[in-house]
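Asker: The structure that follows is given in the form of structure tokens.
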Amino acid sequence: MIRERVDTGHSQYDIVIGTGLLAQIGQFLQELNVKASSRHLIITDTNVQAAGHLSPVLASLQAAGYRAEVFVIPAGEASKRLELAEQAFEFAYEAGLDRHSVVLALGGGVVGDFAGFVAAAYMRGISFVQLPTTLLAHDSAVGGKVAVNLSGAKNIIGAFHQPLAVIYDIAALQTLPIGELRSGFAEAIKHGIILDAELFAWMTEQTPSILQNDPVAMGELLARSCRIKAGVVSADEQERGLRAILNFGHTLGHAVETLAGSGHFRHGEAVAIGMVAAAELSVNLGYCAPTAAAEVEAMVERAGLPTRIPAHINTEELIKSMQKDKKASGGTLTFVLLCRIGEVEIVKDVPPERVREVIASRRER
């Protein structure tokens, strides 16, 4: 079992990584001093329920004397909406959740974002625990960003609400299809690009083992990647500065993900496209050498991720979407740009015409 600590100054919690942890959730809640006298809520999705991950959690809670209700959302990004959150609030209220209740987010990034948002808003904020079941969620589960979407923009309605703990059962990853593994791998690649050249080199060598879901390689990947995220979040909880580097690839990636249409790209796939484009933009603006951008593209291709923007997405719609990004200010474009593998820089007021050039260059051929 591996433990990594997040310490934001006013909030401290552990990331616990191991095998068979979902069957020990009741014991973890006891360690966290969660009251058995209150009712608790598990929020999960249809895919996680079908994969069989809910049953061991319920059994463990019952054995430890906890009572928990279950709210199941449809799998997919479309569930991150206010209307469904309102249903979850009503469900929690009718179930008798109080201020000592805990929400358990059992699932991937969508479930974690949604459940965390429900916990942040219900009774002005109750505790929650992240129980990630996907590789992609190793990024979203750490750091306390919780949100739902508007129809044309991701994660616009939300809060910073740190979990009590992140409990990561590696065994749950064995049920993931290869596309989900690749998508989650994209966020780990990002961590290497922005802060850890050694991790990037290790991932280059270990890509086959990671994509084969080798438990040893996966355990090391999660530990090293979560350690990077924990360090950044501890230094800058609410994204006043440093934490913004975690958005490498996300400015264009979010726009591509939204405008491509529901279900066209997994989140990590869109981020992969965004990372390759951001690296090319970095070269064009003089921030890095072409060899560094080539390393990024080669790594993304090695992971089996897309690198090009679909032809049907309008350039001006992409620009407009990026100008409304949470990192933007006054309608200008802000990008995290590559200096070298392991180092990036946050750059504001990037000229739109230079971004258009990269969009044209990165189109599907």
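So you can find residues: chains in the structure tokens are A, B, ... in the order shown, residues in each start at 1, and ligands are numbered from 1 in order.
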Considering only strand (DSSP E or B) as DSSP defines it on the backbone, what residues of stretch 122-174 of chain A qualify? List them as a list in words.

Answerer: Ser127, Phe128, Val129, Gln130, Leu131, Pro132, Lys145, Val146, Ala147, Val148, Asn149, Leu150, Ala153, Lys154, Asn155, Ile156, Ile157, Gly158, Ala159, Phe160, Ala165, Val166, Ile167, Tyr168 and Asp169 of chain A

Asker: Among stretch 134-292 of chain A, which residues does DSSP mark as helix (DSSP H, G or I) when it is run on the backbone? Keep the chain and numbering as in the structure and answer as a PyMOL selection string.

Answerer: chain A and resi 137-140+170-175+178-195+197-211+215-235+242-247+250-259+267-284+290-292

Asker: Interatomic distance between atom CA of A:Pro177 and atom CA of A:His138?

Answerer: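 Atom-to-atom, atom CA of A:Pro177 and atom CA of A:His138 are spaced 16.4 Å apart.
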
Asker: Just want the 12 Å neighbourhood of A:His312, counted on only C-alpha atoms, with same-chain residues fewer than 3 positions away dropped. Output as a list of chain:residue names.

Answerer: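 Listing them by chain and then by number gives A:Val256, A:Leu259, A:Ala260, A:Gly261, A:His264, A:Arg308, A:Ile309, A:Thr315, A:Glu316, A:Glu317, A:Leu318, A:Arg363, A:Glu364, A:Arg365.
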
Asker: Please identify all polymer residues within 7 Å of A:Thr307, counting only C-alpha atoms, omitting same-chain residues fewer than 6 positions from it, and present them as a list of chain:residue names.

Answerer: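 The filter keeps A:Ala272, A:Ile273, A:Val276.
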
Asker: Write out as a ChimeraX atom specification each polymer residue whose atoms come within 8 Å of stretch 99-109 of chain A, counting only C-alpha atoms; drop sequence neighbours fewer than 6 positions from it.

Answerer: /A:34-35,38-45,48,54,115-116,119,123,125-137,140-141

Asker: Stretch 208-221 of chain A: which residues within 7 Å, counting only C-alpha atoms, same-chain residues fewer than 3 positions away excluded, as a list in words?

Answerer: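 So the residues in contact are Gln174, Leu181, Arg182, Arg224 and Ser225 of chain A.
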
Asker: How many Å separate atom CA of A:Asp349 from atom CA of A:Ile194?

Answerer: 20.3 Å

Asker: If you count only C-alpha atoms, which residues fall within 10 Å of A:Ser79, apart from same-chain ones fewer than 3 positions away, as an NGL selection string?

Answerer: :A and (45 or 73-76 or 82-85 or 110-111 or 114 or 148-149)

Asker: Output all heavy atoms for every residue in the selection just made, as a compact mmCIF listing (two decimals), in the first residue's frame.

Answerer:
# COMPACT_ATOMS: atom_id res chain seq x y z
N ASP A 45 -21.88 5.46 -11.19
CA ASP A 45 -22.56 5.49 -12.49
C ASP A 45 -22.88 4.08 -12.97
O ASP A 45 -22.50 3.09 -12.34
CB ASP A 45 -21.77 6.30 -13.53
CG ASP A 45 -20.48 5.64 -13.99
OD1 ASP A 45 -20.34 4.41 -13.85
OD2 ASP A 45 -19.60 6.35 -14.52
N ILE A 73 -25.92 7.54 -11.56
CA ILE A 73 -26.10 8.44 -12.69
C ILE A 73 -25.72 7.72 -13.98
O ILE A 73 -24.94 6.77 -13.95
CB ILE A 73 -25.25 9.73 -12.54
CG1 ILE A 73 -23.75 9.42 -12.55
CG2 ILE A 73 -25.63 10.47 -11.26
CD1 ILE A 73 -22.85 10.65 -12.52
N PRO A 74 -26.27 8.14 -15.11
CA PRO A 74 -25.84 7.54 -16.39
C PRO A 74 -24.36 7.81 -16.62
O PRO A 74 -23.86 8.89 -16.31
CB PRO A 74 -26.71 8.26 -17.43
CG PRO A 74 -27.88 8.80 -16.66
CD PRO A 74 -27.35 9.13 -15.31
N ALA A 75 -23.65 6.82 -17.14
CA ALA A 75 -22.22 7.00 -17.43
C ALA A 75 -22.04 8.04 -18.53
O ALA A 75 -22.82 8.11 -19.48
CB ALA A 75 -21.60 5.68 -17.85
N GLY A 76 -21.02 8.88 -18.39
CA GLY A 76 -20.70 9.84 -19.45
C GLY A 76 -20.77 11.28 -19.00
O GLY A 76 -21.43 11.63 -18.02
N LEU A 82 -26.63 20.51 -14.00
CA LEU A 82 -27.32 20.99 -12.80
C LEU A 82 -28.63 20.26 -12.54
O LEU A 82 -28.99 20.03 -11.38
CB LEU A 82 -27.58 22.50 -12.93
CG LEU A 82 -26.38 23.41 -12.67
CD1 LEU A 82 -26.69 24.83 -13.10
CD2 LEU A 82 -25.98 23.37 -11.21
N GLU A 83 -29.34 19.90 -13.61
CA GLU A 83 -30.63 19.22 -13.42
C GLU A 83 -30.45 17.90 -12.68
O GLU A 83 -31.24 17.57 -11.78
CB GLU A 83 -31.31 18.98 -14.76
CG GLU A 83 -31.69 20.24 -15.53
CD GLU A 83 -30.54 20.80 -16.37
OE1 GLU A 83 -29.41 20.27 -16.27
OE2 GLU A 83 -30.77 21.79 -17.09
N LEU A 84 -29.42 17.15 -13.02
CA LEU A 84 -29.18 15.88 -12.34
C LEU A 84 -28.64 16.11 -10.93
O LEU A 84 -28.97 15.35 -10.01
CB LEU A 84 -28.20 15.04 -13.16
CG LEU A 84 -28.06 13.57 -12.76
CD1 LEU A 84 -29.41 12.86 -12.78
CD2 LEU A 84 -27.07 12.85 -13.68
N ALA A 85 -27.85 17.16 -10.75
CA ALA A 85 -27.38 17.50 -9.42
C ALA A 85 -28.55 17.84 -8.50
O ALA A 85 -28.56 17.45 -7.33
CB ALA A 85 -26.39 18.66 -9.47
N VAL A 110 -15.98 11.85 -14.13
CA VAL A 110 -17.33 12.42 -14.15
C VAL A 110 -18.00 12.25 -12.80
O VAL A 110 -18.56 13.19 -12.23
CB VAL A 110 -18.18 11.78 -15.27
CG1 VAL A 110 -19.65 12.16 -15.12
CG2 VAL A 110 -17.68 12.22 -16.64
N VAL A 111 -17.93 11.04 -12.26
CA VAL A 111 -18.54 10.77 -10.96
C VAL A 111 -17.88 11.61 -9.87
O VAL A 111 -18.54 12.19 -9.02
CB VAL A 111 -18.45 9.27 -10.61
CG1 VAL A 111 -18.83 9.03 -9.15
CG2 VAL A 111 -19.35 8.46 -11.52
N PHE A 114 -18.96 15.27 -10.24
CA PHE A 114 -20.39 15.42 -9.92
C PHE A 114 -20.63 15.22 -8.43
O PHE A 114 -21.29 16.05 -7.77
CB PHE A 114 -21.20 14.40 -10.74
CG PHE A 114 -22.68 14.44 -10.49
CD1 PHE A 114 -23.50 15.27 -11.24
CD2 PHE A 114 -23.26 13.63 -9.52
CE1 PHE A 114 -24.87 15.31 -11.01
CE2 PHE A 114 -24.63 13.66 -9.28
CZ PHE A 114 -25.44 14.50 -10.03
N VAL A 148 -19.95 20.92 -12.34
CA VAL A 148 -20.79 20.43 -13.42
C VAL A 148 -20.65 21.38 -14.59
O VAL A 148 -20.04 22.45 -14.47
CB VAL A 148 -22.28 20.30 -12.98
CG1 VAL A 148 -22.43 19.22 -11.92
CG2 VAL A 148 -22.82 21.63 -12.47
N ASN A 149 -21.21 20.99 -15.73
CA ASN A 149 -21.03 21.74 -16.97
C ASN A 149 -22.23 22.61 -17.30
O ASN A 149 -23.36 22.35 -16.84
CB ASN A 149 -20.81 20.78 -18.14
CG ASN A 149 -19.62 19.85 -17.93
OD1 ASN A 149 -18.67 20.20 -17.24
ND2 ASN A 149 -19.69 18.68 -18.55

Asker: Rank A:Phe265, A:Phe335, A:Phe185, A:Tyr287 by their smallest atom-to-atom distance to A:Gly249, using only C-alpha atoms, and report the top residue only.

Answerer: A:Phe335

Asker: Name the closest residue to A:Glu180 among the candidates A:Gly268, A:Ser361, A:Glu77, A:Ser37; distances are taken between atoms, counting only C-alpha atoms.

Answerer: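 Looking at the shortest contact to A:Glu180, the residue is A:Gly268.
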
Asker: Which residue is closest to A:Ala255? Choose from A:Lys229, A:Lys145, A:His10, A:Lys320 and count only C-alpha atoms.

Answerer: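 Selected residue with least distance to A:Ala255: A:Lys320.
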
Asker: Would you compute the distance between atom CA of A:Ser321 and atom CA of A:Gln87? Give it in Å to one decimal.

Answerer: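 Those two atoms sit 28.8 Å apart.
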
Asker: Considering only C-alpha atoms, can you say which of A:Arg362, A:Leu199, A:Ile313, A:Ala165 comes closest to A:Gly274?

Answerer: A:Arg362
